[in-house]
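> The structure that follows is given in the form of structure tokens.
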Amino acid sequence: MSLDYVKSTPGFEKFMPKDYRDLIDHGPFGKKVSVSQVGTFKEIMEEHPMCAGCAMTLFIRLSLISLPNPEDTIIVGTAGCGRLAISQAAIPFVYGNYGDTNAVASGLKRGLMTRFPDKHKDVVVMAGDGGLADIGFSMLMHSWFRKEKFTTVMLDNEVYGNTGGQESGMTNIGSVLKMAPLGKKFDKIDMPDLAKTAGCAYVAMVVPNNPKRVEQCIKKAVLIAREVGPTYIQAYTSCNIEYAIPTDKVMEDAKNVENDRYQFKEYISDEAKQYLGEKWGYKEYAKKAIQTTEVAK
Amino acid sequence: MYLVANIDPTICGATSCTLCTQFCPEANTIQYDLSRKTAFVSVDRCKGCAQCVWVCDNMAKHHAIKMVMIDQLPEEFANKLTKNMSYEQENLKASPINK
Ligand SMILES: Cc1ncc(C[n+]2csc(CCOP(=O)(O)OP(=O)(O)O)c2C)c(N)n1
Ligand code: SF4
Ligand code: SF4
Ligand code: SF4
């Protein structure tokens, strides 16, 4: 977990695989990269077995590019489609048991804060809607109640994709799935609202068809979690298999869903705004800007 | 046989667009050639989803990408299948982050 782990032992460079050398010479470690530069640097995500055209893959890819300090980040994931790609990235990955992610991440983050008191080590949970809103629900909520300082990202494909189409708490009412043949009987859980109530300092709802916005959300969420409190991002990451979306229509679907139930929403606590403004130079949250918006109201 | 994305460098090179590179779900797959100012596909990583085709047609409106059978690729690419993957190429060395 430092720049030291992304280099070869002297003399061994030529024996390393090309992908590894590319990562050292042209990767994002220790540099500031952004999604607008993508295609000109070696990304930390590698080839993986997720389905062709999966929007979750795109979202994970954009998120990994957006991490403010990939060399100082650990990702915690669990069973579900997303881990198939996340575990193939040049970033330490911890596999929490299904449902345990936010408990594992709590311990991990506290340990890192004790071990590295002078350095920010970021912990990011990335798991599915089933993993977080169903089986992991209690650990997720309690990590928020305890104000644990890490980011939780829900890869919300509104189904259990990895196990063939069971409904989750995040499935929409009425949706018929292979293993919910009568249609879901209950509403989609309003997780962003729960996150706010439970004390998250930053909450956002995004769709991957706006890469710049995904980048901004991930950066803010990770930075705020360093010192202010828990942060939560919920991303619509459609499952083209279980919802039969043709792969070349995945972005069109994302756009339609964004206009319907996934409009961009962002909540930032006042403390978090102040922190971003003062510590990380976010102009829109600098003291003056906040005062003017208040007057304007 | 299977389909992969193929970008027409003449059409793409005439724009200053880098849109599809941000929308391909696969990492390190659509790369950007800074000297020719065109995106290109590392076909050995392409999963053939055609999302980039939708993005180029409907968002960028440049219609520069077509799906083609892997053995029908323009020779230039077919000959260099694995070489396309490398970031060690001269054109990529010019990237601001690779300095
Ligand atoms: C304790 C436990 N129960 C059940 C499973 C089986 N299982 C693996 S993946 C999965 C569903 C994942 O769904 P979700 O979290 O929504 O992620 P997705 O695959 O949709 O991305 C289940 C039930 C498991 N691995 N562990
Ligand atoms: S099953 Fe669905 S969510 Fe999982 S990788 Fe395939 S398309 Fe993506
Ligand atoms: S077809 Fe899909 S995987 Fe291939 S380059 Fe286009 S978007 Fe990427
Ligand atoms: S979207 Fe089309 S024009 Fe734009 S970079 Fe891609 S291929 Fe070129």
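Every chain in the structure tokens has a letter given in the order shown (A, B, ...), and although residue numbers restart at 1 in each chain, ligands are simply numbered from 1 in the order shown.
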Residues within 6 Å of ligand 1, counting only C-alpha atoms and all ligand atoms: report them as a list of chain:residue names.

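Those within range of ligand 1 are A:Ala79, A:Gly80, A:Cys81, A:Gly82, A:Tyr98, A:Gly128, A:Asp129, A:Gly130, A:Gly131, A:Asn157, A:Val159, A:Tyr160, A:Gly161, A:Asn162, A:Thr163.
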
> Save the residues we just selected, N, CA, C and O atoms, as a PDB file, in the first residue's frame?


```
ATOM      1  N   ALA A  79     -19.321 -11.449  -2.548  1.00  0.00           N
ATOM      2  CA  ALA A  79     -19.977 -12.218  -3.604  1.00  0.00           C
ATOM      3  C   ALA A  79     -20.840 -11.286  -4.441  1.00  0.00           C
ATOM      4  O   ALA A  79     -21.368 -10.307  -3.937  1.00  0.00           O
ATOM      5  N   GLY A  80     -20.995 -11.611  -5.707  1.00  0.00           N
ATOM      6  CA  GLY A  80     -21.741 -10.741  -6.616  1.00  0.00           C
ATOM      7  C   GLY A  80     -20.882 -10.479  -7.829  1.00  0.00           C
ATOM      8  O   GLY A  80     -19.676 -10.745  -7.814  1.00  0.00           O
ATOM      9  N   CYS A  81     -21.483  -9.942  -8.877  1.00  0.00           N
ATOM     10  CA  CYS A  81     -20.741  -9.785 -10.135  1.00  0.00           C
ATOM     11  C   CYS A  81     -19.533  -8.860 -10.019  1.00  0.00           C
ATOM     12  O   CYS A  81     -18.479  -9.147 -10.556  1.00  0.00           O
ATOM     13  N   GLY A  82     -19.694  -7.748  -9.322  1.00  0.00           N
ATOM     14  CA  GLY A  82     -18.675  -6.707  -9.322  1.00  0.00           C
ATOM     15  C   GLY A  82     -17.293  -7.186  -8.919  1.00  0.00           C
ATOM     16  O   GLY A  82     -16.282  -6.778  -9.495  1.00  0.00           O
ATOM     17  N   TYR A  98     -20.271 -12.623   2.108  1.00  0.00           N
ATOM     18  CA  TYR A  98     -21.482 -11.958   1.626  1.00  0.00           C
ATOM     19  C   TYR A  98     -22.247 -11.385   2.827  1.00  0.00           C
ATOM     20  O   TYR A  98     -22.653 -12.112   3.717  1.00  0.00           O
ATOM     21  N   GLY A 128     -22.841  -5.301  -4.326  1.00  0.00           N
ATOM     22  CA  GLY A 128     -24.114  -5.244  -5.038  1.00  0.00           C
ATOM     23  C   GLY A 128     -25.261  -4.785  -4.149  1.00  0.00           C
ATOM     24  O   GLY A 128     -25.117  -4.612  -2.941  1.00  0.00           O
ATOM     25  N   ASP A 129     -26.409  -4.616  -4.786  1.00  0.00           N
ATOM     26  CA  ASP A 129     -27.592  -4.207  -4.033  1.00  0.00           C
ATOM     27  C   ASP A 129     -28.025  -5.313  -3.073  1.00  0.00           C
ATOM     28  O   ASP A 129     -28.438  -5.042  -1.950  1.00  0.00           O
ATOM     29  N   GLY A 130     -27.890  -6.569  -3.499  1.00  0.00           N
ATOM     30  CA  GLY A 130     -28.230  -7.670  -2.597  1.00  0.00           C
ATOM     31  C   GLY A 130     -27.270  -7.682  -1.421  1.00  0.00           C
ATOM     32  O   GLY A 130     -27.666  -7.822  -0.264  1.00  0.00           O
ATOM     33  N   GLY A 131     -25.986  -7.528  -1.722  1.00  0.00           N
ATOM     34  CA  GLY A 131     -24.957  -7.565  -0.684  1.00  0.00           C
ATOM     35  C   GLY A 131     -25.113  -6.472   0.351  1.00  0.00           C
ATOM     36  O   GLY A 131     -24.781  -6.661   1.522  1.00  0.00           O
ATOM     37  N   ASN A 157     -27.799  -3.072  -9.563  1.00  0.00           N
ATOM     38  CA  ASN A 157     -28.368  -3.557 -10.833  1.00  0.00           C
ATOM     39  C   ASN A 157     -29.801  -4.027 -10.615  1.00  0.00           C
ATOM     40  O   ASN A 157     -30.391  -4.654 -11.485  1.00  0.00           O
ATOM     41  N   VAL A 159     -31.138  -6.355  -8.989  1.00  0.00           N
ATOM     42  CA  VAL A 159     -31.367  -7.807  -9.061  1.00  0.00           C
ATOM     43  C   VAL A 159     -30.144  -8.525  -8.479  1.00  0.00           C
ATOM     44  O   VAL A 159     -29.088  -7.924  -8.343  1.00  0.00           O
ATOM     45  N   TYR A 160     -30.309  -9.804  -8.142  1.00  0.00           N
ATOM     46  CA  TYR A 160     -29.153 -10.636  -7.845  1.00  0.00           C
ATOM     47  C   TYR A 160     -28.679 -11.170  -9.192  1.00  0.00           C
ATOM     48  O   TYR A 160     -29.213 -12.147  -9.702  1.00  0.00           O
ATOM     49  N   GLY A 161     -27.693 -10.502  -9.766  1.00  0.00           N
ATOM     50  CA  GLY A 161     -27.265 -10.868 -11.113  1.00  0.00           C
ATOM     51  C   GLY A 161     -26.438 -12.139 -11.108  1.00  0.00           C
ATOM     52  O   GLY A 161     -26.603 -13.025 -11.944  1.00  0.00           O
ATOM     53  N   ASN A 162     -25.550 -12.249 -10.139  1.00  0.00           N
ATOM     54  CA  ASN A 162     -24.568 -13.327 -10.125  1.00  0.00           C
ATOM     55  C   ASN A 162     -25.187 -14.711  -9.922  1.00  0.00           C
ATOM     56  O   ASN A 162     -24.627 -15.722 -10.303  1.00  0.00           O
ATOM     57  N   THR A 163     -26.382 -14.737  -9.297  1.00  0.00           N
ATOM     58  CA  THR A 163     -26.998 -16.038  -9.014  1.00  0.00           C
ATOM     59  C   THR A 163     -28.248 -16.261  -9.857  1.00  0.00           C
ATOM     60  O   THR A 163     -29.078 -17.104  -9.542  1.00  0.00           O
TER      61      THR A 163
END
```

> Could you report the residues within 12 Å of ligand 2, using only C-alpha atoms and all ligand atoms, as an mmCIF file with N, CA and C atoms, in the first residue's frame?


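Full text of result25.cif as output:
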```cif
data_model
loop_
_atom_site.group_PDB
_atom_site.id
_atom_site.type_symbol
_atom_site.label_atom_id
_atom_site.label_comp_id
_atom_site.auth_asym_id
_atom_site.auth_seq_id
_atom_site.Cartn_x
_atom_site.Cartn_y
_atom_site.Cartn_z
ATOM 1 N N HIS A 48 -11.193 -9.255 -17.212
ATOM 2 C CA HIS A 48 -11.989 -9.931 -16.171
ATOM 3 C C HIS A 48 -13.156 -10.653 -16.832
ATOM 4 N N PRO A 49 -13.835 -11.516 -16.072
ATOM 5 C CA PRO A 49 -14.892 -12.322 -16.706
ATOM 6 C C PRO A 49 -16.308 -11.739 -16.639
ATOM 7 N N MET A 50 -16.487 -10.454 -16.325
ATOM 8 C CA MET A 50 -17.860 -9.923 -16.315
ATOM 9 C C MET A 50 -18.422 -9.878 -17.738
ATOM 10 N N CYS A 51 -19.755 -9.904 -17.846
ATOM 11 C CA CYS A 51 -20.395 -10.007 -19.170
ATOM 12 C C CYS A 51 -20.032 -8.830 -20.074
ATOM 13 N N ALA A 52 -20.057 -9.082 -21.372
ATOM 14 C CA ALA A 52 -19.827 -8.028 -22.364
ATOM 15 C C ALA A 52 -20.884 -6.940 -22.191
ATOM 16 N N GLY A 53 -20.444 -5.699 -22.225
ATOM 17 C CA GLY A 53 -21.389 -4.577 -22.218
ATOM 18 C C GLY A 53 -22.033 -4.281 -20.886
ATOM 19 N N CYS A 54 -21.575 -4.917 -19.803
ATOM 20 C CA CYS A 54 -22.221 -4.701 -18.504
ATOM 21 C C CYS A 54 -21.934 -3.291 -17.988
ATOM 22 N N ALA A 55 -23.000 -2.584 -17.634
ATOM 23 C CA ALA A 55 -22.841 -1.210 -17.152
ATOM 24 C C ALA A 55 -22.108 -1.175 -15.810
ATOM 25 N N MET A 56 -22.198 -2.271 -15.061
ATOM 26 C CA MET A 56 -21.488 -2.327 -13.784
ATOM 27 C C MET A 56 -19.980 -2.281 -14.019
ATOM 28 N N THR A 57 -19.556 -2.973 -15.075
ATOM 29 C CA THR A 57 -18.135 -2.974 -15.431
ATOM 30 C C THR A 57 -17.678 -1.555 -15.733
ATOM 31 N N LEU A 58 -18.484 -0.851 -16.516
ATOM 32 C CA LEU A 58 -18.119 0.520 -16.870
ATOM 33 C C LEU A 58 -18.028 1.381 -15.617
ATOM 34 N N PHE A 59 -19.007 1.230 -14.736
ATOM 35 C CA PHE A 59 -18.994 2.043 -13.520
ATOM 36 C C PHE A 59 -17.759 1.736 -12.661
ATOM 37 N N ILE A 60 -17.432 0.465 -12.539
ATOM 38 C CA ILE A 60 -16.253 0.092 -11.734
ATOM 39 C C ILE A 60 -14.994 0.678 -12.370
ATOM 40 N N ALA A 79 -19.321 -11.449 -2.548
ATOM 41 C CA ALA A 79 -19.977 -12.218 -3.604
ATOM 42 C C ALA A 79 -20.840 -11.286 -4.441
ATOM 43 N N GLY A 80 -20.995 -11.611 -5.707
ATOM 44 C CA GLY A 80 -21.741 -10.741 -6.616
ATOM 45 C C GLY A 80 -20.882 -10.479 -7.829
ATOM 46 N N CYS A 81 -21.483 -9.942 -8.877
ATOM 47 C CA CYS A 81 -20.741 -9.785 -10.135
ATOM 48 C C CYS A 81 -19.533 -8.860 -10.019
ATOM 49 N N GLY A 82 -19.694 -7.748 -9.322
ATOM 50 C CA GLY A 82 -18.675 -6.707 -9.322
ATOM 51 C C GLY A 82 -17.293 -7.186 -8.919
ATOM 52 N N ARG A 83 -17.242 -8.094 -7.951
ATOM 53 C CA ARG A 83 -15.917 -8.527 -7.462
ATOM 54 C C ARG A 83 -15.116 -9.228 -8.559
ATOM 55 N N LEU A 84 -15.797 -9.740 -9.579
ATOM 56 C CA LEU A 84 -15.074 -10.424 -10.656
ATOM 57 C C LEU A 84 -14.119 -9.463 -11.355
ATOM 58 N N ALA A 85 -14.513 -8.183 -11.424
ATOM 59 C CA ALA A 85 -13.641 -7.188 -12.048
ATOM 60 C C ALA A 85 -12.758 -6.502 -11.015
ATOM 61 N N ILE A 86 -13.362 -6.169 -9.858
ATOM 62 C CA ILE A 86 -12.592 -5.416 -8.858
ATOM 63 C C ILE A 86 -11.369 -6.211 -8.408
ATOM 64 N N ALA A 127 -20.069 -3.153 -3.433
ATOM 65 C CA ALA A 127 -20.813 -4.409 -3.426
ATOM 66 C C ALA A 127 -22.166 -4.203 -4.071
ATOM 67 N N GLY A 128 -22.841 -5.301 -4.326
ATOM 68 C CA GLY A 128 -24.114 -5.244 -5.038
ATOM 69 C C GLY A 128 -25.261 -4.785 -4.149
ATOM 70 N N ASP A 129 -26.409 -4.616 -4.786
ATOM 71 C CA ASP A 129 -27.592 -4.207 -4.033
ATOM 72 C C ASP A 129 -28.025 -5.313 -3.073
ATOM 73 N N GLY A 130 -27.890 -6.569 -3.499
ATOM 74 C CA GLY A 130 -28.230 -7.670 -2.597
ATOM 75 C C GLY A 130 -27.270 -7.682 -1.421
ATOM 76 N N LEU A 155 -23.395 -1.074 -6.123
ATOM 77 C CA LEU A 155 -23.527 -1.349 -7.550
ATOM 78 C C LEU A 155 -24.947 -1.877 -7.726
ATOM 79 N N ASP A 156 -25.867 -0.968 -8.008
ATOM 80 C CA ASP A 156 -27.282 -1.321 -7.972
ATOM 81 C C ASP A 156 -27.790 -1.754 -9.346
ATOM 82 N N ASN A 157 -27.799 -3.072 -9.563
ATOM 83 C CA ASN A 157 -28.368 -3.557 -10.833
ATOM 84 C C ASN A 157 -29.801 -4.027 -10.615
ATOM 85 N N GLU A 158 -30.347 -3.763 -9.455
ATOM 86 C CA GLU A 158 -31.758 -4.019 -9.134
ATOM 87 C C GLU A 158 -32.130 -5.495 -9.237
ATOM 88 N N VAL A 159 -31.138 -6.355 -8.989
ATOM 89 C CA VAL A 159 -31.367 -7.807 -9.061
ATOM 90 C C VAL A 159 -30.144 -8.525 -8.479
ATOM 91 N N TYR A 160 -30.309 -9.804 -8.142
ATOM 92 C CA TYR A 160 -29.153 -10.636 -7.845
ATOM 93 C C TYR A 160 -28.679 -11.170 -9.192
ATOM 94 N N GLY A 161 -27.693 -10.502 -9.766
ATOM 95 C CA GLY A 161 -27.265 -10.868 -11.113
ATOM 96 C C GLY A 161 -26.438 -12.139 -11.108
ATOM 97 N N ASN A 162 -25.550 -12.249 -10.139
ATOM 98 C CA ASN A 162 -24.568 -13.327 -10.125
ATOM 99 C C ASN A 162 -25.187 -14.711 -9.922
ATOM 100 N N THR A 163 -26.382 -14.737 -9.297
ATOM 101 C CA THR A 163 -26.998 -16.038 -9.014
ATOM 102 C C THR A 163 -28.248 -16.261 -9.857
ATOM 103 N N GLY A 164 -28.430 -15.449 -10.889
ATOM 104 C CA GLY A 164 -29.437 -15.783 -11.884
ATOM 105 C C GLY A 164 -30.808 -15.168 -11.737
ATOM 106 N N GLY A 165 -30.927 -14.018 -11.056
ATOM 107 C CA GLY A 165 -32.177 -13.269 -11.172
ATOM 108 C C GLY A 165 -33.182 -13.389 -10.045
ATOM 109 N N GLN A 166 -32.709 -13.351 -8.797
ATOM 110 C CA GLN A 166 -33.652 -13.213 -7.675
ATOM 111 C C GLN A 166 -33.904 -11.725 -7.425
ATOM 112 N N TYR A 236 -26.650 3.255 -10.542
ATOM 113 C CA TYR A 236 -27.445 2.360 -11.370
ATOM 114 C C TYR A 236 -26.499 1.675 -12.343
ATOM 115 N N THR A 237 -26.389 0.364 -12.209
ATOM 116 C CA THR A 237 -25.440 -0.380 -13.046
ATOM 117 C C THR A 237 -26.184 -1.582 -13.628
ATOM 118 N N SER A 238 -27.005 -1.313 -14.621
ATOM 119 C CA SER A 238 -27.947 -2.313 -15.136
ATOM 120 C C SER A 238 -27.321 -3.669 -15.414
ATOM 121 N N CYS A 239 -28.123 -4.710 -15.232
ATOM 122 C CA CYS A 239 -27.708 -6.060 -15.595
ATOM 123 C C CYS A 239 -28.340 -6.373 -16.938
ATOM 124 N N ASN A 240 -27.540 -6.374 -17.997
ATOM 125 C CA ASN A 240 -28.135 -6.582 -19.316
ATOM 126 C C ASN A 240 -28.610 -8.005 -19.531
ATOM 127 N N ILE A 241 -28.120 -8.930 -18.694
ATOM 128 C CA ILE A 241 -28.569 -10.315 -18.816
ATOM 129 C C ILE A 241 -29.969 -10.468 -18.199
ATOM 130 N N GLU A 242 -30.100 -10.108 -16.934
ATOM 131 C CA GLU A 242 -31.374 -10.357 -16.238
ATOM 132 C C GLU A 242 -32.488 -9.408 -16.688
ATOM 133 N N TYR A 243 -32.133 -8.272 -17.253
ATOM 134 C CA TYR A 243 -33.168 -7.356 -17.734
ATOM 135 C C TYR A 243 -33.212 -7.300 -19.260
ATOM 136 N N ALA A 244 -32.544 -8.246 -19.904
ATOM 137 C CA ALA A 244 -32.572 -8.383 -21.359
ATOM 138 C C ALA A 244 -32.381 -7.064 -22.093
ATOM 139 N N ILE A 245 -31.318 -6.358 -21.743
ATOM 140 C CA ILE A 245 -31.011 -5.103 -22.442
ATOM 141 C C ILE A 245 -29.954 -5.437 -23.500
ATOM 142 N N PRO A 246 -30.228 -5.186 -24.778
ATOM 143 C CA PRO A 246 -29.194 -5.457 -25.791
ATOM 144 C C PRO A 246 -27.933 -4.651 -25.441
ATOM 145 N N THR A 247 -26.760 -5.255 -25.609
ATOM 146 C CA THR A 247 -25.553 -4.592 -25.100
ATOM 147 C C THR A 247 -25.315 -3.218 -25.734
ATOM 148 N N VAL A 250 -27.276 -0.357 -23.782
ATOM 149 C CA VAL A 250 -27.098 -0.221 -22.332
ATOM 150 C C VAL A 250 -27.037 1.257 -21.911
ATOM 151 N N PRO B 25 -16.883 -0.428 -21.565
ATOM 152 C CA PRO B 25 -16.865 -1.016 -20.227
ATOM 153 C C PRO B 25 -15.542 -1.697 -19.889
ATOM 154 N N GLU B 26 -14.790 -2.059 -20.907
ATOM 155 C CA GLU B 26 -13.534 -2.768 -20.661
ATOM 156 C C GLU B 26 -12.369 -1.791 -20.513
ATOM 157 N N CYS B 49 -19.296 -5.749 -27.429
ATOM 158 C CA CYS B 49 -20.628 -5.339 -26.948
ATOM 159 C C CYS B 49 -21.260 -4.262 -27.831
#
```

> DSSP says alpha helix (DSSP H) for which residues of region 67-249 of chain A? Put them as a count of residues only?

54

> Once you count only C-alpha atoms and all ligand atoms, which residues end up within 9 Å of ligand 3, and could you hand them over as a PyMOL selection string?

(chain A and resi 52-53+247-248) or (chain B and resi 3-6+20-21+23-27+29-30+40-43+45-55+65-67)

> What is the distance between CA of Leu276 (chain A) and CA of Ala201 (chain A), in Å to one decimal?

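Distance between the two atoms: 11.5 Å.
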
> Determine, using only C-alpha atoms and all ligand atoms, which residues of chain A have any atom at most 12 Å from an atom of ligand 4, and tabulate each with its shortest atom pair and distance in Å to one decimal place, rows ordered by chain and then rising number, as CSV.


```
residue,atom,partner,partner_atom_place_in_ligand_line,distance
A:Ser36,CA,ligand 4,5 (S),11.4
A:Gln37,CA,ligand 4,5 (S),11.9
A:Val38,CA,ligand 4,5 (S),11.1
A:Gly39,CA,ligand 4,5 (S),10.0
```

> Could the residues in this selection be saved with C-alpha atoms as an mmCIF file, in the first residue's frame?


```
data_model
loop_
_atom_site.group_PDB
_atom_site.id
_atom_site.type_symbol
_atom_site.label_atom_id
_atom_site.label_comp_id
_atom_site.auth_asym_id
_atom_site.auth_seq_id
_atom_site.Cartn_x
_atom_site.Cartn_y
_atom_site.Cartn_z
ATOM 1 C CA SER A 36 -10.954 12.693 -19.703
ATOM 2 C CA GLN A 37 -7.385 11.354 -20.143
ATOM 3 C CA VAL A 38 -8.497 7.761 -20.338
ATOM 4 C CA GLY A 39 -7.007 5.846 -23.264
#
```

> Restricting the calculation to only C-alpha atoms, which member of B:Thr18, B:His62, B:Pro74, B:Val68 is positioned closest to chain A?

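Answer, going by the shortest atom-to-atom distance: B:Thr18.
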